[in-house]
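Containing TSV, C-alpha atoms and all ligand atoms: my_file01.tsv.
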chain	number	residue	atom	x	y	z
A	20	MET	CA	-19.51	80.21	-0.98
A	21	TRP	CA	-15.79	80.38	-0.21
A	22	LYS	CA	-14.42	82.05	-3.36
A	23	SER	CA	-14.14	85.51	-1.86
A	24	VAL	CA	-13.28	84.37	1.66
A	25	GLN	CA	-9.73	84.72	2.93
A	26	PRO	CA	-8.40	81.73	4.89
A	27	ALA	CA	-8.14	82.21	8.65
A	28	PRO	CA	-4.63	82.24	10.15
A	29	PRO	CA	-3.54	79.05	11.94
A	30	ASP	CA	-4.03	78.92	15.72
A	31	SER	CA	-0.95	80.32	17.46
A	32	ILE	CA	-0.57	77.24	19.69
A	33	LEU	CA	-2.37	74.28	18.09
A	34	GLY	CA	-1.26	75.46	14.61
A	35	LEU	CA	2.33	75.06	15.78
A	36	THR	CA	1.64	71.40	16.65
A	37	GLU	CA	0.34	70.86	13.10
A	38	GLU	CA	3.61	72.30	11.73
A	39	PHE	CA	5.62	70.17	14.16
A	40	LYS	CA	3.85	66.99	13.05
A	41	LYS	CA	4.71	67.70	9.41
A	42	ASP	CA	8.39	68.26	10.22
A	43	GLN	CA	10.45	65.20	9.13
A	44	ASN	CA	13.64	66.13	11.01
A	45	PRO	CA	14.29	63.46	13.70
A	46	GLN	CA	15.89	66.07	15.99
A	47	LYS	CA	12.73	68.20	16.12
A	48	VAL	CA	11.54	69.36	19.56
A	49	ASN	CA	8.07	70.65	20.44
A	50	LEU	CA	8.21	73.23	23.24
A	51	GLY	CA	4.90	74.73	22.09
A	52	VAL	CA	1.56	73.31	23.20
A	53	GLY	CA	1.02	72.87	26.95
A	54	VAL	CA	1.03	69.08	27.06
A	55	TYR	CA	3.09	67.08	29.57
A	56	LYS	CA	5.74	64.71	28.21
A	57	ASP	CA	7.72	62.16	30.18
A	58	ASP	CA	11.49	61.84	29.86
A	59	ALA	CA	11.02	59.57	26.83
A	60	GLY	CA	9.06	62.35	25.11
A	61	ASN	CA	5.68	60.61	25.40
A	62	THR	CA	2.41	61.97	26.80
A	63	PRO	CA	1.47	58.96	28.93
A	64	VAL	CA	-1.93	57.73	30.05
A	65	LEU	CA	-1.57	57.92	33.84
A	66	ARG	CA	-1.58	54.55	35.66
A	67	CYS	CA	-4.51	55.71	37.83
A	68	VAL	CA	-6.46	56.52	34.65
A	69	LYS	CA	-5.76	53.08	33.15
A	70	ALA	CA	-6.90	51.45	36.40
A	71	ALA	CA	-10.10	53.50	36.54
A	72	GLU	CA	-10.83	52.78	32.86
A	73	LYS	CA	-10.48	49.06	33.48
A	74	LEU	CA	-13.01	49.22	36.31
A	75	LEU	CA	-15.35	51.35	34.20
A	76	LEU	CA	-15.21	48.94	31.30
A	77	GLU	CA	-16.28	46.13	33.59
A	78	THR	CA	-19.06	47.98	35.41
A	79	GLN	CA	-20.55	50.42	32.90
A	80	SER	CA	-24.00	49.31	31.77
A	81	SER	CA	-25.29	52.20	29.64
A	82	LYS	CA	-24.23	54.93	27.26
A	83	SER	CA	-27.42	56.94	27.71
A	84	TYR	CA	-27.26	60.75	27.91
A	85	LEU	CA	-25.87	62.46	30.96
A	86	PRO	CA	-27.95	65.28	32.46
A	87	ILE	CA	-27.34	68.68	30.80
A	88	SER	CA	-25.06	69.64	33.68
A	89	GLY	CA	-23.21	66.29	33.69
A	90	ASP	CA	-22.96	63.65	36.40
A	91	PRO	CA	-23.73	65.13	39.86
A	92	ALA	CA	-20.98	62.95	41.40
A	93	TYR	CA	-18.49	64.61	39.04
A	94	ALA	CA	-19.66	68.08	40.08
A	95	ALA	CA	-19.27	67.15	43.75
A	96	ALA	CA	-15.77	65.73	43.16
A	97	VAL	CA	-14.73	68.87	41.26
A	98	GLN	CA	-15.96	71.10	44.08
A	99	ARG	CA	-14.06	69.10	46.73
A	100	LEU	CA	-10.92	69.37	44.62
A	101	ILE	CA	-11.01	73.06	43.75
A	102	PHE	CA	-12.31	74.41	47.09
A	103	GLY	CA	-11.07	71.70	49.49
A	104	ALA	CA	-13.51	69.28	51.16
A	105	LYS	CA	-13.94	71.46	54.25
A	106	SER	CA	-14.72	74.71	52.44
A	107	ASP	CA	-17.87	76.55	53.53
A	108	VAL	CA	-18.66	76.95	49.82
A	109	LEU	CA	-19.59	73.25	49.87
A	110	SER	CA	-21.46	73.15	53.18
A	111	SER	CA	-23.47	76.28	52.34
A	112	ARG	CA	-24.16	75.00	48.78
A	113	ARG	CA	-23.49	78.40	47.34
A	114	ALA	CA	-21.69	77.08	44.26
A	115	VAL	CA	-22.92	75.09	41.27
A	116	THR	CA	-20.70	73.10	38.92
A	117	ILE	CA	-21.33	71.61	35.52
A	118	HIS	CA	-19.15	69.33	33.43
A	119	ALA	CA	-17.94	71.33	30.42
A	120	PRO	CA	-15.89	70.05	27.48
A	121	GLY	CA	-12.38	70.92	28.69
A	122	GLY	CA	-11.07	74.14	30.18
A	123	THR	CA	-11.83	75.98	26.94
A	124	GLY	CA	-15.43	74.75	26.97
A	125	ALA	CA	-15.72	75.81	30.62
A	126	LEU	CA	-14.50	79.33	29.84
A	127	ARG	CA	-16.87	79.59	26.90
A	128	VAL	CA	-19.93	78.38	28.85
A	129	GLY	CA	-19.08	80.86	31.60
A	130	ALA	CA	-18.57	83.64	29.06
A	131	ASP	CA	-21.90	82.88	27.34
A	132	LEU	CA	-23.70	82.87	30.70
A	133	ILE	CA	-22.31	86.28	31.68
A	134	HIS	CA	-23.03	87.69	28.24
A	135	LYS	CA	-26.69	86.72	28.59
A	136	PHE	CA	-27.14	89.16	31.47
A	137	ASN	CA	-24.30	91.64	31.10
A	138	GLY	CA	-23.34	91.82	27.42
A	139	ASP	CA	-22.05	95.39	27.75
A	140	ALA	CA	-19.40	94.39	30.28
A	141	LYS	CA	-15.77	94.45	29.26
A	142	VAL	CA	-13.55	91.46	29.91
A	143	TRP	CA	-10.09	92.25	31.33
A	144	VAL	CA	-7.24	89.82	30.72
A	145	SER	CA	-3.67	89.93	32.00
A	146	SER	CA	-0.91	91.30	29.81
A	147	PRO	CA	0.15	88.82	28.53
A	148	THR	CA	-2.41	86.03	28.67
A	149	TRP	CA	-3.17	82.69	27.03
A	150	ALA	CA	-3.96	83.65	23.42
A	151	ASN	CA	-7.25	81.77	23.44
A	152	HIS	CA	-8.69	83.94	26.24
A	153	ASN	CA	-9.00	86.70	23.65
A	154	GLY	CA	-10.59	84.27	21.19
A	155	ILE	CA	-13.08	82.77	23.64
A	156	PHE	CA	-14.35	85.98	25.23
A	157	GLY	CA	-14.29	87.75	21.87
A	158	ALA	CA	-16.37	84.99	20.28
A	159	ALA	CA	-18.86	85.27	23.17
A	160	GLY	CA	-19.34	88.91	22.14
A	161	PHE	CA	-17.22	90.78	24.68
A	162	GLN	CA	-14.83	93.67	24.20
A	163	ILE	CA	-11.49	92.87	25.74
A	164	SER	CA	-9.05	95.08	27.66
A	165	ARG	CA	-5.77	94.34	29.41
A	166	TYR	CA	-4.44	94.86	32.92
A	167	GLY	CA	-0.72	95.00	33.78
A	168	TYR	CA	0.80	91.76	35.04
A	169	TYR	CA	4.25	90.80	33.74
A	170	ASP	CA	7.32	92.98	34.03
A	171	ALA	CA	9.66	92.21	31.12
A	172	THR	CA	12.58	93.89	32.91
A	173	THR	CA	12.46	91.90	36.13
A	174	LYS	CA	10.88	88.88	34.41
A	175	GLY	CA	8.54	88.79	37.39
A	176	LEU	CA	5.19	90.14	38.51
A	177	ASP	CA	4.40	93.85	38.23
A	178	PHE	CA	2.06	93.74	41.21
A	179	ASN	CA	1.78	97.50	41.70
A	180	ARG	CA	0.70	97.99	38.11
A	181	MET	CA	-1.74	95.07	38.41
A	182	ILE	CA	-3.39	96.57	41.50
A	183	GLU	CA	-3.45	100.04	39.97
A	184	ASP	CA	-5.14	98.74	36.80
A	185	LEU	CA	-7.63	96.55	38.64
A	186	GLU	CA	-8.64	99.46	40.86
A	187	LYS	CA	-9.81	101.23	37.71
A	188	VAL	CA	-11.96	98.36	36.41
A	189	PRO	CA	-15.64	99.41	36.54
A	190	ALA	CA	-18.21	97.49	38.59
A	191	GLY	CA	-19.81	94.68	36.59
A	192	ASP	CA	-16.83	94.15	34.28
A	193	VAL	CA	-15.20	90.73	34.24
A	194	VAL	CA	-11.56	90.14	35.26
A	195	VAL	CA	-9.94	86.90	34.10
A	196	LEU	CA	-7.29	85.73	36.57
A	197	HIS	CA	-4.94	82.73	36.29
A	198	ALA	CA	-5.41	80.96	39.64
A	199	CYS	CA	-1.97	79.32	39.44
A	200	CYS	CA	0.79	78.56	36.91
A	201	HIS	CA	0.14	81.68	34.85
A	202	ASN	CA	-0.03	80.90	31.14
A	203	PRO	CA	2.21	82.05	29.41
A	204	SER	CA	4.57	83.58	31.98
A	205	GLY	CA	4.79	81.05	34.83
A	206	VAL	CA	4.74	84.06	37.19
A	207	ASP	CA	2.24	83.69	40.07
A	208	LEU	CA	0.91	85.75	42.98
A	209	ASP	CA	1.46	84.72	46.61
A	210	GLY	CA	-1.26	84.40	49.27
A	211	PRO	CA	-1.17	87.99	50.60
A	212	GLN	CA	-1.19	89.33	47.03
A	213	TRP	CA	-4.27	87.26	46.20
A	214	GLN	CA	-5.92	88.56	49.33
A	215	GLN	CA	-5.28	92.12	48.15
A	216	ILE	CA	-6.71	91.34	44.70
A	217	ALA	CA	-9.81	89.84	46.32
A	218	GLU	CA	-10.20	93.01	48.41
A	219	VAL	CA	-10.04	95.14	45.25
A	220	ALA	CA	-12.68	92.92	43.60
A	221	VAL	CA	-14.99	93.37	46.60
A	222	GLY	CA	-14.34	97.11	46.80
A	223	LYS	CA	-14.79	97.81	43.10
A	224	GLY	CA	-17.51	95.27	42.34
A	225	TRP	CA	-15.99	93.60	39.30
A	226	LEU	CA	-16.54	89.90	38.63
A	227	PRO	CA	-13.51	87.60	39.11
A	228	PHE	CA	-13.32	84.75	36.60
A	229	LEU	CA	-10.57	82.33	37.63
A	230	ASP	CA	-8.93	80.11	35.04
A	231	PHE	CA	-7.73	77.12	37.07
A	232	ALA	CA	-6.35	74.77	34.42
A	233	TYR	CA	-3.13	73.70	36.18
A	234	GLN	CA	-4.07	72.72	39.75
A	235	GLY	CA	-1.22	70.60	41.13
A	236	PHE	CA	1.43	71.81	38.68
A	237	GLY	CA	2.51	74.73	40.88
A	238	ASP	CA	3.29	73.69	44.45
A	239	GLY	CA	0.68	70.95	44.98
A	240	VAL	CA	-3.06	70.30	44.78
A	241	ASP	CA	-3.81	71.93	48.16
A	242	GLU	CA	-1.26	74.76	47.90
A	243	ASP	CA	-2.45	75.77	44.42
A	244	ARG	CA	-5.95	76.65	45.58
A	245	ILE	CA	-4.79	79.80	47.36
A	246	ALA	CA	-6.49	82.16	44.88
A	247	VAL	CA	-9.78	80.25	44.95
A	248	GLU	CA	-9.71	80.29	48.77
A	249	GLN	CA	-9.24	84.06	48.90
A	250	PHE	CA	-12.24	84.74	46.67
A	251	ALA	CA	-14.33	82.12	48.50
A	252	ALA	CA	-13.51	83.84	51.81
A	253	ALA	CA	-14.59	87.19	50.34
A	254	GLY	CA	-18.13	85.83	49.90
A	255	VAL	CA	-18.61	87.42	46.46
A	256	ASP	CA	-19.86	86.14	43.12
A	257	PHE	CA	-17.08	84.56	41.05
A	258	PHE	CA	-16.51	81.93	38.38
A	259	VAL	CA	-13.95	79.12	38.22
A	260	ALA	CA	-13.09	77.31	34.98
A	261	SER	CA	-11.17	74.14	35.79
A	262	SER	CA	-9.86	71.23	33.80
A	263	PHE	CA	-8.50	67.69	34.15
A	264	SER	CA	-6.60	67.92	30.86
A	265	LYS	CA	-3.26	68.60	32.49
A	266	ASN	CA	-3.40	67.18	36.01
A	267	PHE	CA	-5.04	63.88	34.94
A	268	GLY	CA	-3.55	63.91	31.41
A	269	LEU	CA	-7.12	63.64	30.06
A	270	TYR	CA	-6.43	66.07	27.22
A	271	ASN	CA	-8.56	64.45	24.54
A	272	GLU	CA	-11.42	63.44	26.84
A	273	ARG	CA	-12.42	67.12	27.17
A	274	THR	CA	-12.98	66.94	30.90
A	275	GLY	CA	-13.46	70.38	32.39
A	276	ALA	CA	-15.92	72.18	34.63
A	277	ILE	CA	-17.40	75.60	35.11
A	278	THR	CA	-18.26	76.50	38.69
A	279	VAL	CA	-20.35	79.54	39.55
A	280	VAL	CA	-19.83	80.67	43.14
A	281	THR	CA	-22.43	82.98	44.66
A	282	PRO	CA	-23.03	84.58	48.06
A	283	ALA	CA	-26.08	82.36	48.78
A	284	LYS	CA	-27.65	78.99	47.86
A	285	ASN	CA	-30.67	80.55	46.15
A	286	ASP	CA	-28.44	82.53	43.78
A	287	ALA	CA	-26.56	79.36	42.94
A	288	GLU	CA	-29.80	77.60	41.98
A	289	VAL	CA	-30.75	80.46	39.64
A	290	ALA	CA	-27.27	80.34	38.09
A	291	MET	CA	-27.61	76.59	37.49
A	292	SER	CA	-30.94	77.01	35.69
A	293	HIS	CA	-29.31	79.42	33.23
A	294	LEU	CA	-26.13	77.37	32.86
A	295	LYS	CA	-28.37	74.56	31.63
A	296	THR	CA	-29.98	76.70	28.96
A	297	VAL	CA	-26.54	77.83	27.74
A	298	VAL	CA	-25.37	74.22	27.43
A	299	ARG	CA	-28.60	72.83	25.96
A	300	THR	CA	-28.47	75.28	23.05
A	301	ASN	CA	-24.80	74.60	22.39
A	302	TYR	CA	-23.76	70.94	22.85
A	303	SER	CA	-26.81	69.69	24.82
A	304	ASN	CA	-24.93	67.64	27.41
A	305	PRO	CA	-21.29	66.72	28.03
A	306	PRO	CA	-19.20	63.71	26.99
A	307	ALA	CA	-19.17	61.15	29.80
A	308	HIS	CA	-15.96	59.14	29.80
A	309	GLY	CA	-13.39	61.59	31.18
A	310	GLY	CA	-15.75	62.71	33.93
A	311	PHE	CA	-16.41	59.12	35.04
A	312	VAL	CA	-12.68	58.44	35.12
A	313	ALA	CA	-11.83	61.58	37.11
A	314	THR	CA	-14.68	60.95	39.59
A	315	MET	CA	-13.65	57.36	40.14
A	316	ILE	CA	-10.04	58.36	40.81
A	317	LEU	CA	-10.93	61.21	43.14
A	318	ASP	CA	-13.47	59.11	45.07
A	319	THR	CA	-11.38	55.92	45.43
A	320	PRO	CA	-8.66	56.32	48.09
A	321	ASP	CA	-6.07	53.99	46.43
A	322	LEU	CA	-6.53	55.57	43.02
A	323	ARG	CA	-6.39	59.06	44.48
A	324	THR	CA	-3.10	58.27	46.22
A	325	MET	CA	-1.72	56.87	42.97
A	326	TRP	CA	-2.84	60.02	41.15
A	327	LEU	CA	-1.22	62.36	43.66
A	328	GLU	CA	2.06	60.44	43.29
A	329	GLU	CA	1.92	60.58	39.51
A	330	LEU	CA	1.07	64.27	39.59
A	331	SER	CA	3.97	65.10	41.88
A	332	SER	CA	6.37	63.18	39.68
A	333	MET	CA	5.18	65.23	36.66
A	334	ARG	CA	5.70	68.41	38.69
A	335	ASP	CA	9.15	67.31	39.87
A	336	ARG	CA	10.30	66.42	36.36
A	337	ILE	CA	9.37	69.89	35.13
A	338	VAL	CA	11.28	71.49	38.02
A	339	ASP	CA	14.31	69.32	37.10
A	340	MET	CA	14.09	70.52	33.50
A	341	ARG	CA	13.95	74.14	34.71
A	342	ARG	CA	17.20	73.54	36.63
A	343	SER	CA	18.90	71.76	33.72
A	344	LEU	CA	17.92	74.48	31.27
A	345	VAL	CA	19.36	77.24	33.48
A	346	ALA	CA	22.54	75.23	34.19
A	347	GLY	CA	22.93	74.47	30.47
A	348	LEU	CA	22.56	78.09	29.39
A	349	VAL	CA	25.09	79.19	32.02
A	350	ALA	CA	27.51	76.43	30.95
A	351	GLN	CA	27.19	77.57	27.32
A	352	GLY	CA	28.11	81.11	28.41
A	353	VAL	CA	24.83	82.59	27.15
A	354	ASP	CA	24.64	86.22	28.23
A	355	GLY	CA	22.08	87.05	30.95
A	356	ASP	CA	20.64	85.91	34.27
A	357	PHE	CA	18.31	82.97	33.72
A	358	SER	CA	17.51	82.27	37.35
A	359	PHE	CA	13.94	83.53	36.73
A	360	ILE	CA	13.23	80.25	34.89
A	361	GLU	CA	13.60	78.37	38.17
A	362	LYS	CA	11.33	80.76	40.03
A	363	GLN	CA	8.43	80.43	37.60
A	364	ARG	CA	5.72	77.86	38.22
A	365	GLY	CA	3.83	75.30	36.12
A	366	MET	CA	4.53	74.07	32.63
A	367	PHE	CA	5.62	77.33	31.11
A	368	SER	CA	8.37	79.87	31.15
A	369	PHE	CA	8.32	83.17	29.39
A	370	SER	CA	11.88	82.83	28.18
A	371	GLY	CA	12.42	86.45	27.19
A	372	TRP	CA	13.76	85.21	23.83
A	373	SER	CA	13.01	87.59	21.00
A	374	ASP	CA	10.83	86.70	18.03
A	375	ASP	CA	14.02	86.53	15.94
A	376	VAL	CA	15.40	83.85	18.24
A	377	VAL	CA	12.05	81.98	18.20
A	378	VAL	CA	11.92	82.04	14.36
A	379	SER	CA	15.58	81.08	14.03
A	380	LEU	CA	15.13	78.11	16.39
A	381	ARG	CA	12.21	76.87	14.30
A	382	LYS	CA	13.87	77.38	10.91
A	383	ASN	CA	17.41	76.31	11.73
A	384	ASN	CA	16.96	73.83	14.57
A	385	ASN	CA	13.41	72.48	14.23
A	386	ILE	CA	12.62	73.64	17.78
A	387	TYR	CA	9.03	74.86	18.09
A	388	ILE	CA	8.22	77.66	20.54
A	389	VAL	CA	5.06	79.79	20.75
A	390	GLY	CA	5.48	83.39	19.47
A	391	GLY	CA	6.35	85.73	22.35
A	392	GLY	CA	8.88	83.20	23.68
A	393	ARG	CA	6.70	80.91	25.84
A	394	ILE	CA	8.40	77.55	26.29
A	395	ASN	CA	6.80	74.38	27.59
A	396	LEU	CA	9.41	72.97	29.96
A	397	ALA	CA	7.67	69.57	29.84
A	398	GLY	CA	8.80	69.26	26.21
A	399	LEU	CA	12.43	69.10	27.41
A	400	THR	CA	13.96	65.69	28.17
A	401	THR	CA	17.38	64.47	29.27
A	402	SER	CA	17.88	63.40	25.63
A	403	ASN	CA	17.03	66.71	23.92
A	404	ILE	CA	18.14	69.30	26.48
A	405	ASP	CA	21.76	69.56	25.26
A	406	TYR	CA	20.58	70.05	21.69
A	407	VAL	CA	18.10	72.73	22.79
A	408	VAL	CA	20.65	74.56	24.94
A	409	GLN	CA	23.29	74.53	22.17
A	410	SER	CA	20.74	75.72	19.61
A	411	VAL	CA	19.56	78.55	21.88
A	412	ALA	CA	23.16	79.59	22.57
A	413	ALA	CA	23.85	79.72	18.81
A	414	ALA	CA	20.64	81.64	18.07
A	415	MET	CA	21.38	84.23	20.74
A	416	LYS	CA	24.95	84.98	19.60
A	501	LIG	C1	-1.64	75.71	25.91
A	501	LIG	O1	-1.70	76.86	26.37
A	501	LIG	O2	-0.72	75.33	25.17
A	501	LIG	C2	-2.71	74.71	26.27
A	501	LIG	O3	-3.60	75.27	27.15
A	501	LIG	C3	-3.34	74.09	25.09
A	501	LIG	C4	-4.23	75.01	24.34
A	501	LIG	O4	-5.38	74.63	24.14
A	501	LIG	O5	-3.80	76.08	23.93

Do you think you could lay out the structure here as structure tokens?
Amino acid sequence: MWKSVQPAPPDSILGLTEEFKKDQNPQKVNLGVGVYKDDAGNTPVLRCVKAAEKLLLETQSSKSYLPISGDPAYAAAVQRLIFGAKSDVLSSRRAVTIHAPGGTGALRVGADLIHKFNGDAKVWVSSPTWANHNGIFGAAGFQISRYGYYDATTKGLDFNRMIEDLEKVPAGDVVVLHACCHNPSGVDLDGPQWQQIAEVAVGKGWLPFLDFAYQGFGDGVDEDRIAVEQFAAAGVDFFVASSFSKNFGLYNERTGAITVVTPAKNDAEVAMSHLKTVVRTNYSNPPAHGGFVATMILDTPDLRTMWLEELSSMRDRIVDMRRSLVAGLVAQGVDGDFSFIEKQRGMFSFSGWSDDVVVSLRKNNNIYIVGGGRINLAGLTTSNIDYVVQSVAAAMK
């Protein structure tokens, strides 16, 4: 069967982790995959997660199937988190949420649902975007186009170009937007800019599909919902793919959610019926553990407080690493203004380093960075930052 088949290329992000694991050099540094590391270089299980797991172990009495859409308590907790408990989206019941396997699973379930009814639509992604957006929407059968987003000269947002491009998107097409902590650039929109984007969506009739994988890694759990709030206020149909991989560190529990927001409760019920058919014919029903853990933490005041503290210390450590990286590059006399690194938000920075620099860092210094120059700041620690800075300075000479 496989004799005439060419092997597929490795995944541009997870393939890098495979290479990193094989590397025997003790100085190696992984600035690739978007996974949080503490200052000792470990990806910890959060204390609130350990506490919730202990309680679960004691109280859980069955491993029977979850409903196709997952645990209803999980869906309710997700909605309170992504919209805010007082949002009219909740009181009017015009959104439905199902537990999907991770943020990727959420995007794919959403993509399959849209494809069922509007397979001729194009999906528009930002330039650049997370590489797997192309993979996921492509695999669901969509053609993909790009809208302007990042300005390589200013290393910031090209908002005029973004607006101009989105004004040309035809009604019914799908526009994927990073709700916060843009992956890969770390460049975000502010509140008034989101409001303008929401107005364009309403005016032109395209379908916003928000990827909300990093809530809490930007400015805070409440502050980071600004994009979601603008679309909710607009009263239009939109989708939100969210995930607890990053903000709860539940990476391998595949704990995500797809939320379909509609103008009215009846629409939401129709959407839910079709979401269930999409899931049933794919993975039938979701894994339970991560969802139980997240629900317990969100619904238990002490655990929630502990979580918010742990989340803000992750966020603060990344901001510290941004500062140290900029200070280190300046101290090494590396040519250029690196202040943009401190302005960007979330785990990533689009460093602006050329592919030659990225390849040289991997070959000569065992430092792993995703092609295009995206660095995961959470991979930097007080122990490896000097080595990284010196290596970058040498590679850029
Ligand atoms: C990333 O962008 O590195 C993460 O979202 C992990 C992944 O699945 O690619």

Would you list the contacts of Ser331 in chain A as an mmCIF file with C-alpha atoms, in the frame of the given file, taking every protein, DNA or RNA residue within 12 Å and counting only C-alpha atoms, but skipping same-chain residues closer than 5 positions in sequence?
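Output contents, as saved in result25.cif:
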data_model
loop_
_atom_site.group_PDB
_atom_site.id
_atom_site.type_symbol
_atom_site.label_atom_id
_atom_site.label_comp_id
_atom_site.auth_asym_id
_atom_site.auth_seq_id
_atom_site.Cartn_x
_atom_site.Cartn_y
_atom_site.Cartn_z
ATOM 1 C CA GLN A 234 -4.070 72.720 39.750
ATOM 2 C CA GLY A 235 -1.220 70.600 41.130
ATOM 3 C CA PHE A 236 1.430 71.810 38.680
ATOM 4 C CA GLY A 237 2.510 74.730 40.880
ATOM 5 C CA ASP A 238 3.290 73.690 44.450
ATOM 6 C CA GLY A 239 0.680 70.950 44.980
ATOM 7 C CA VAL A 240 -3.060 70.300 44.780
ATOM 8 C CA ASN A 266 -3.400 67.180 36.010
ATOM 9 C CA PHE A 267 -5.040 63.880 34.940
ATOM 10 C CA THR A 324 -3.100 58.270 46.220
ATOM 11 C CA MET A 325 -1.720 56.870 42.970
ATOM 12 C CA TRP A 326 -2.840 60.020 41.150
ATOM 13 C CA ARG A 336 10.300 66.420 36.360
ATOM 14 C CA ILE A 337 9.370 69.890 35.130
ATOM 15 C CA VAL A 338 11.280 71.490 38.020
ATOM 16 C CA GLY A 365 3.830 75.300 36.120
#

(request) Determine, counting only C-alpha atoms, which protein, DNA and RNA residues have an atom within 7 Å of an atom of range 104-119 of chain A; residues of the same chain fewer than 2 positions away are not included. Present the result as an MDAnalysis selection string. (result) chainID A and resid 88:89 94 99 102 121 124:125 251 274:284 287 291 305

Asp58 in chain A surroundings by all atoms listed in the file, 8 Å radius, close-in-sequence under 4 positions cut, as a PDB file with C-alpha atoms, in the coordinates of the input:
ATOM      1  CA  LEU A 399      12.430  69.100  27.410  1.00  0.00           C
ATOM      2  CA  THR A 400      13.960  65.690  28.170  1.00  0.00           C
ATOM      3  CA  THR A 401      17.380  64.470  29.270  1.00  0.00           C
ATOM      4  CA  SER A 402      17.880  63.400  25.630  1.00  0.00           C
TER       5      SER A 402
END

Output as CSV one row per residue of range 215-325 of chain A within 10 Å of range 178-197 of chain A: the closest atom pair and its distance in Å to one decimal place, counting only C-alpha atoms, sorted by chain and residue number ascending.
residue,atom,partner,partner_atom,distance
A:Gln215,CA,A:Ile182,CA,8.2
A:Ile216,CA,A:Ile182,CA,7.0
A:Val219,CA,A:Glu186,CA,6.3
A:Ala220,CA,A:Leu185,CA,8.0
A:Val221,CA,A:Ala190,CA,9.6
A:Gly222,CA,A:Glu186,CA,8.6
A:Lys223,CA,A:Ala190,CA,5.7
A:Gly224,CA,A:Ala190,CA,4.4
A:Trp225,CA,A:Ala190,CA,4.5
A:Leu226,CA,A:Val193,CA,4.7
A:Pro227,CA,A:Val194,CA,5.0
A:Phe228,CA,A:Val195,CA,4.7
A:Leu229,CA,A:Leu196,CA,4.8
A:Asp230,CA,A:His197,CA,4.9
A:Phe231,CA,A:His197,CA,6.3
A:Ala232,CA,A:His197,CA,8.3
A:Tyr233,CA,A:His197,CA,9.2
A:Ala246,CA,A:His197,CA,8.7
A:Phe257,CA,A:Val193,CA,9.4
A:Phe258,CA,A:Val195,CA,9.3
A:Val259,CA,A:Leu196,CA,9.5
A:Ala260,CA,A:His197,CA,9.9

(message) ligand LIG 501 (chain A): which residues are within 7 Å, counting only C-alpha atoms and all ligand atoms? Reply as a VMD selection string.
(response) chain A and resid 32 to 33 51 to 54 149 151 202

(request) Considering all atoms listed in the file, state which residue in the set A:Ala198, A:Val24, A:Leu344, A:Ala313 is at the smallest distance from Ser264 in chain A. (result) A:Ala313

(request) Could you jot down the CA of Leu126 in chain A to CA of Gln25 in chain A separation for me, Å, one decimal place? (result) 27.9 Å

(message) Using all atoms listed in the file and a cutoff of 9 Å, can you tell me which residues are near (4.4, 88.9, 37.9) in the file's coordinates, and write them out as a PyMOL selection string?
(response) chain A and resi 167-170+173-178+181+201+204-208

Since we have the selection now, will you write its residues out, keeping C-alpha atoms, as a PDB file, in the frame of the given file?
ATOM      1  CA  GLY A 167      -0.720  95.000  33.780  1.00  0.00           C
ATOM      2  CA  TYR A 168       0.800  91.760  35.040  1.00  0.00           C
ATOM      3  CA  TYR A 169       4.250  90.800  33.740  1.00  0.00           C
ATOM      4  CA  ASP A 170       7.320  92.980  34.030  1.00  0.00           C
ATOM      5  CA  THR A 173      12.460  91.900  36.130  1.00  0.00           C
ATOM      6  CA  LYS A 174      10.880  88.880  34.410  1.00  0.00           C
ATOM      7  CA  GLY A 175       8.540  88.790  37.390  1.00  0.00           C
ATOM      8  CA  LEU A 176       5.190  90.140  38.510  1.00  0.00           C
ATOM      9  CA  ASP A 177       4.400  93.850  38.230  1.00  0.00           C
ATOM     10  CA  PHE A 178       2.060  93.740  41.210  1.00  0.00           C
ATOM     11  CA  MET A 181      -1.740  95.070  38.410  1.00  0.00           C
ATOM     12  CA  HIS A 201       0.140  81.680  34.850  1.00  0.00           C
ATOM     13  CA  SER A 204       4.570  83.580  31.980  1.00  0.00           C
ATOM     14  CA  GLY A 205       4.790  81.050  34.830  1.00  0.00           C
ATOM     15  CA  VAL A 206       4.740  84.060  37.190  1.00  0.00           C
ATOM     16  CA  ASP A 207       2.240  83.690  40.070  1.00  0.00           C
ATOM     17  CA  LEU A 208       0.910  85.750  42.980  1.00  0.00           C
TER      18      LEU A 208
END

(request) Would you list the contacts of Ser31 in chain A as a count of residues only, taking every protein, DNA or RNA residue within 9 Å and counting all atoms listed in the file, but skipping same-chain residues closer than 2 positions in sequence? (result) 9

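Counting all atoms listed in the file, the residue from A:Gly355, A:Pro306, A:Pro63, A:Gly103 that sits nearest to Arg244 in chain A is A:Gly103.
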
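In this comparison, which uses only C-alpha atoms, the residue of A:Tyr84, A:Asp30, A:Met415, A:Arg364 approaching Val378 in chain A most closely is A:Met415.
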
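Closest approach to Pro86 in chain A among A:Ser373, A:Asn271, A:Ser303, A:Thr172 is made by A:Ser303 (distances from all atoms listed in the file).
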
(request) One decimal, Å: what's the distance from CA of Asn137 in chain A over to CA of Arg299 in chain A, could you say? (result) 20.0 Å

(message) Please list as a ChimeraX atom specification every residue within 12 Å of Lys56 in chain A, counting only C-alpha atoms and excluding residues in the same chain fewer than 6 positions away.
(response) /A:48-50,62-65,265,268,332-334,336-337,340,366,395-401

(message) Using only C-alpha atoms, can you tell me which of A:Thr148, A:Ile360, A:Ala307, A:Ala171 comes closest to Asp339 in chain A?
(response)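 Counting only C-alpha atoms, the residue closest to Asp339 in chain A is A:Ile360.
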
(request) Have a look at A:Ala95, A:His134, A:Lys47, A:Lys73 and name the one nearest to Val297 in chain A; count all atoms listed in the file. (result) A:His134
